[in-house]
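K.L.:
Got a structure for you, written out below as structure tokens; questions coming shortly.
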Amino acid sequence: QVQLVESGGELVQTGGSLRLACVVSGRIPSVMSIAWFRQAPDKEREFVAGFTGFGSNTQYRDSVAGRFTISRDNAKNTVYLQMNSLKPEDTAVYYCAASPGYTTAKSVRDKRLYTSWGQGTRVTVSS
């Protein structure tokens, strides 16, 4: 099983930017699905962005498409989430999630797929 550690969350003003990082360690499978989720107070955990297939494509929830970008640095075993033009509704705890195998454009959004989760990093966007 892999271990995931997120960082980069903080308080930012509306319109600002943040870059979250997720460092992956442990027994990393040759094919691994990885994605970002978030959970706002009193809301369900929701999909934000993820890699599909064998990591060659990306998927985003509609409300962040065009503002957020998921990327990876394989040499550093790190996945990033660049967040631009932040809005108050982006306020949440952001989690990195991973699972062996590949995902489809549909399954990448299903939190039940993922077997490893980080502890989360808090993002607060002030209005």
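Residues in the structure tokens are named by chain (A, B, ... in the order shown) and by number from 1 within that chain; ligands are numbered from 1 in the order shown.
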What's the 7 Å shell around Gly50 in chain A, counting only C-alpha atoms, without same-chain residues fewer than 6 positions away, as a VMD selection string?
P.N.:
chain A and resid 34 to 36 58 to 60 70 108
K.L.:
How would the residues just picked look written out with N, CA and C atoms as a PDB file, in the first residue's frame?
P.N.:
```pdb
ATOM      1  N   ILE A  34      -4.497   7.975  -9.555  1.00  0.00           N
ATOM      2  CA  ILE A  34      -4.332   8.987  -8.517  1.00  0.00           C
ATOM      3  C   ILE A  34      -5.190  10.193  -8.856  1.00  0.00           C
ATOM      4  N   ALA A  35      -5.774  10.771  -7.819  1.00  0.00           N
ATOM      5  CA  ALA A  35      -6.708  11.874  -8.027  1.00  0.00           C
ATOM      6  C   ALA A  35      -6.749  12.773  -6.801  1.00  0.00           C
ATOM      7  N   TRP A  36      -7.328  13.934  -6.986  1.00  0.00           N
ATOM      8  CA  TRP A  36      -7.601  14.873  -5.899  1.00  0.00           C
ATOM      9  C   TRP A  36      -9.102  14.918  -5.648  1.00  0.00           C
ATOM     10  N   THR A  58      -6.414  13.458 -18.378  1.00  0.00           N
ATOM     11  CA  THR A  58      -6.886  14.046 -17.132  1.00  0.00           C
ATOM     12  C   THR A  58      -8.377  14.316 -17.199  1.00  0.00           C
ATOM     13  N   GLN A  59      -8.995  14.367 -16.024  1.00  0.00           N
ATOM     14  CA  GLN A  59     -10.404  14.682 -15.880  1.00  0.00           C
ATOM     15  C   GLN A  59     -10.557  15.703 -14.767  1.00  0.00           C
ATOM     16  N   TYR A  60     -11.541  16.591 -14.912  1.00  0.00           N
ATOM     17  CA  TYR A  60     -11.814  17.618 -13.911  1.00  0.00           C
ATOM     18  C   TYR A  60     -13.315  17.705 -13.674  1.00  0.00           C
ATOM     19  N   ILE A  70      -4.033  19.412 -12.852  1.00  0.00           N
ATOM     20  CA  ILE A  70      -3.336  18.329 -12.176  1.00  0.00           C
ATOM     21  C   ILE A  70      -2.112  17.951 -12.996  1.00  0.00           C
ATOM     22  N   VAL A 108     -12.726   7.321 -12.453  1.00  0.00           N
ATOM     23  CA  VAL A 108     -11.782   8.186 -11.746  1.00  0.00           C
ATOM     24  C   VAL A 108     -12.508   9.073 -10.727  1.00  0.00           C
TER      25      VAL A 108
END
```
K.L.:
Kindly provide the residues of range 14-65 of chain A that approach range 74-98 of chain A to within 7 Å, each paired with its closest atom pair and their distance in Å to one decimal, based on only C-alpha atoms, listed by chain and increasing number, as CSV.
P.N.:
```
residue,atom,partner,partner_atom,distance
A:Thr14,CA,A:Lys87,CA,5.1
A:Gly15,CA,A:Ser85,CA,4.1
A:Gly16,CA,A:Leu86,CA,5.5
A:Ser17,CA,A:Asn84,CA,4.4
A:Leu18,CA,A:Met83,CA,5.2
A:Arg19,CA,A:Gln82,CA,4.4
A:Leu20,CA,A:Leu81,CA,5.0
A:Ala21,CA,A:Tyr80,CA,4.5
A:Cys22,CA,A:Val79,CA,5.1
A:Val23,CA,A:Thr78,CA,4.5
A:Val24,CA,A:Asn77,CA,5.4
A:Met32,CA,A:Ala98,CA,6.7
A:Ser33,CA,A:Ala98,CA,5.4
A:Ile34,CA,A:Ala98,CA,4.3
A:Ala35,CA,A:Ala97,CA,5.4
A:Trp36,CA,A:Cys96,CA,4.7
A:Phe37,CA,A:Tyr95,CA,5.1
A:Arg38,CA,A:Tyr94,CA,4.2
A:Gln39,CA,A:Ala92,CA,5.2
A:Ala40,CA,A:Ala92,CA,4.2
```
K.L.:
Go ahead and save the picked residues with N, CA, C and O atoms, as a compact mmCIF listing (two decimals), in the first residue's frame.
P.N.:
```txt
# COMPACT_ATOMS: atom_id res chain seq x y z
N THR A 14 -9.88 35.59 -2.60
CA THR A 14 -10.56 35.30 -3.86
C THR A 14 -9.72 35.79 -5.03
O THR A 14 -9.20 36.91 -5.01
N GLY A 15 -9.60 34.94 -6.04
CA GLY A 15 -8.80 35.27 -7.21
C GLY A 15 -7.35 34.84 -7.11
O GLY A 15 -6.60 34.91 -8.09
N GLY A 16 -6.94 34.40 -5.95
CA GLY A 16 -5.57 33.99 -5.74
C GLY A 16 -5.28 32.59 -6.27
O GLY A 16 -6.16 31.92 -6.83
N SER A 17 -4.05 32.15 -6.07
CA SER A 17 -3.60 30.85 -6.56
C SER A 17 -2.89 30.07 -5.45
O SER A 17 -2.29 30.67 -4.55
N LEU A 18 -2.97 28.77 -5.56
CA LEU A 18 -2.24 27.87 -4.68
C LEU A 18 -1.79 26.66 -5.49
O LEU A 18 -2.46 26.29 -6.46
N ARG A 19 -0.70 26.03 -5.04
CA ARG A 19 -0.31 24.75 -5.60
C ARG A 19 -0.21 23.74 -4.48
O ARG A 19 0.59 23.89 -3.56
N LEU A 20 -1.04 22.72 -4.58
CA LEU A 20 -1.00 21.63 -3.63
C LEU A 20 -0.06 20.55 -4.15
O LEU A 20 0.06 20.36 -5.36
N ALA A 21 0.56 19.85 -3.22
CA ALA A 21 1.45 18.74 -3.58
C ALA A 21 1.05 17.49 -2.83
O ALA A 21 0.61 17.56 -1.68
N CYS A 22 1.22 16.35 -3.46
CA CYS A 22 0.96 15.05 -2.83
C CYS A 22 2.16 14.17 -3.10
O CYS A 22 2.41 13.79 -4.25
N VAL A 23 2.88 13.85 -2.04
CA VAL A 23 4.05 12.99 -2.17
C VAL A 23 3.63 11.55 -1.91
O VAL A 23 3.00 11.24 -0.90
N VAL A 24 4.00 10.68 -2.86
CA VAL A 24 3.63 9.27 -2.81
C VAL A 24 4.84 8.45 -2.39
O VAL A 24 5.93 8.62 -2.94
N MET A 32 -0.91 2.93 -11.41
CA MET A 32 -1.62 3.47 -10.24
C MET A 32 -2.52 4.62 -10.66
O MET A 32 -2.12 5.49 -11.42
N SER A 33 -3.71 4.60 -10.14
CA SER A 33 -4.65 5.70 -10.35
C SER A 33 -4.46 6.69 -9.22
O SER A 33 -4.31 6.30 -8.07
N ILE A 34 -4.50 7.97 -9.56
CA ILE A 34 -4.33 8.99 -8.52
C ILE A 34 -5.19 10.19 -8.86
O ILE A 34 -5.33 10.55 -10.03
N ALA A 35 -5.77 10.77 -7.82
CA ALA A 35 -6.71 11.87 -8.03
C ALA A 35 -6.75 12.77 -6.80
O ALA A 35 -6.26 12.41 -5.73
N TRP A 36 -7.33 13.93 -6.99
CA TRP A 36 -7.60 14.87 -5.90
C TRP A 36 -9.10 14.92 -5.65
O TRP A 36 -9.90 15.00 -6.59
N PHE A 37 -9.45 14.89 -4.37
CA PHE A 37 -10.83 15.09 -3.92
C PHE A 37 -10.83 16.24 -2.93
O PHE A 37 -9.78 16.66 -2.45
N ARG A 38 -12.02 16.72 -2.60
CA ARG A 38 -12.13 17.75 -1.58
C ARG A 38 -13.41 17.55 -0.78
O ARG A 38 -14.37 16.95 -1.27
N GLN A 39 -13.40 18.07 0.43
CA GLN A 39 -14.57 17.97 1.27
C GLN A 39 -14.76 19.26 2.03
O GLN A 39 -13.90 19.65 2.84
N ALA A 40 -15.86 19.93 1.75
CA ALA A 40 -16.23 21.15 2.45
C ALA A 40 -17.03 20.77 3.70
O ALA A 40 -17.58 19.67 3.77
```
K.L.:
Hey, which of A:Ser7, A:Ser25, A:Ser99, A:Ser107 ends up closest to Phe47 in chain A? Count only C-alpha atoms.
P.N.:
A:Ser107
K.L.:
Just the residues within 8 Å of Thr103 in chain A, please, counting only C-alpha atoms, with nothing from its chain fewer than 6 positions along; format it as an NGL selection string.
P.N.:
:A and (33 or 51-54)
K.L.:
Write a file of the selected residues as a PDB file, in the first residue's frame, keeping all heavy atoms.
P.N.:
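Output (result.pdb):
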```pdb
ATOM      1  N   SER A  33      -3.714   4.596 -10.143  1.00  0.00           N
ATOM      2  CA  SER A  33      -4.647   5.699 -10.349  1.00  0.00           C
ATOM      3  C   SER A  33      -4.459   6.688  -9.221  1.00  0.00           C
ATOM      4  O   SER A  33      -4.309   6.302  -8.066  1.00  0.00           O
ATOM      5  CB  SER A  33      -6.082   5.184 -10.334  1.00  0.00           C
ATOM      6  OG  SER A  33      -6.267   4.194 -11.315  1.00  0.00           O
ATOM      7  N   PHE A  51      -6.027  11.592 -12.988  1.00  0.00           N
ATOM      8  CA  PHE A  51      -5.467  11.023 -14.198  1.00  0.00           C
ATOM      9  C   PHE A  51      -6.277   9.795 -14.574  1.00  0.00           C
ATOM     10  O   PHE A  51      -6.669   9.013 -13.711  1.00  0.00           O
ATOM     11  CB  PHE A  51      -4.009  10.616 -13.979  1.00  0.00           C
ATOM     12  CG  PHE A  51      -3.068  11.770 -13.823  1.00  0.00           C
ATOM     13  CD1 PHE A  51      -2.633  12.153 -12.576  1.00  0.00           C
ATOM     14  CD2 PHE A  51      -2.621  12.476 -14.926  1.00  0.00           C
ATOM     15  CE1 PHE A  51      -1.772  13.228 -12.411  1.00  0.00           C
ATOM     16  CE2 PHE A  51      -1.757  13.540 -14.784  1.00  0.00           C
ATOM     17  CZ  PHE A  51      -1.337  13.927 -13.534  1.00  0.00           C
ATOM     18  N   THR A  52      -6.508   9.597 -15.859  1.00  0.00           N
ATOM     19  CA  THR A  52      -7.249   8.438 -16.320  1.00  0.00           C
ATOM     20  C   THR A  52      -6.367   7.563 -17.213  1.00  0.00           C
ATOM     21  O   THR A  52      -5.262   7.963 -17.581  1.00  0.00           O
ATOM     22  CB  THR A  52      -8.498   8.852 -17.115  1.00  0.00           C
ATOM     23  OG1 THR A  52      -8.074   9.620 -18.258  1.00  0.00           O
ATOM     24  CG2 THR A  52      -9.412   9.707 -16.277  1.00  0.00           C
ATOM     25  N   GLY A  53      -6.904   6.409 -17.563  1.00  0.00           N
ATOM     26  CA  GLY A  53      -6.152   5.481 -18.387  1.00  0.00           C
ATOM     27  C   GLY A  53      -4.891   5.054 -17.646  1.00  0.00           C
ATOM     28  O   GLY A  53      -4.931   4.705 -16.468  1.00  0.00           O
ATOM     29  N   PHE A  54      -3.771   5.128 -18.312  1.00  0.00           N
ATOM     30  CA  PHE A  54      -2.500   4.825 -17.673  1.00  0.00           C
ATOM     31  C   PHE A  54      -1.774   6.109 -17.290  1.00  0.00           C
ATOM     32  O   PHE A  54      -0.556   6.164 -17.235  1.00  0.00           O
ATOM     33  CB  PHE A  54      -1.647   3.962 -18.603  1.00  0.00           C
ATOM     34  CG  PHE A  54      -2.197   2.577 -18.779  1.00  0.00           C
ATOM     35  CD1 PHE A  54      -2.949   2.250 -19.897  1.00  0.00           C
ATOM     36  CD2 PHE A  54      -1.990   1.608 -17.814  1.00  0.00           C
ATOM     37  CE1 PHE A  54      -3.475   0.977 -20.052  1.00  0.00           C
ATOM     38  CE2 PHE A  54      -2.505   0.328 -17.964  1.00  0.00           C
ATOM     39  CZ  PHE A  54      -3.248   0.025 -19.081  1.00  0.00           C
TER      40      PHE A  54
END
```
K.L.:
Quick check for you: according to DSSP on this backbone, which residues of chain A are classed as strand (DSSP E)? Reply as a PyMOL selection string.
P.N.:
chain A and resi 2-7+11-13+18-26+32-39+46-52+57-60+68-73+78-83+92-100+116-117+121-126
K.L.:
Contacts of Arg61 in chain A at 9 Å or less, counting only C-alpha atoms, minus same-chain residues fewer than 5 places along, as a PyMOL selection string?
P.N.:
chain A and resi 46-49+109
K.L.:
Which is closest to Thr104 in chain A among A:Glu6, A:Asp42, A:Gln1, A:Gly55, if we use only C-alpha atoms?
P.N.:
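For Thr104 in chain A, the nearest of the given residues is A:Gly55.
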K.L.:
Could you jot down the CA of Asp62 in chain A to CA of Ala105 in chain A separation for me, Å, one decimal place?
P.N.:
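Straight-line distance from CA of Asp62 in chain A to CA of Ala105 in chain A works out to 13.1 Å.
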K.L.:
Between A:Gln13, A:Gly8, A:Ile28, A:Arg45, single out the one closest to Val125 in chain A, counting only C-alpha atoms.
P.N.:
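That would be A:Gln13, the residue with the smallest distance to Val125 in chain A.
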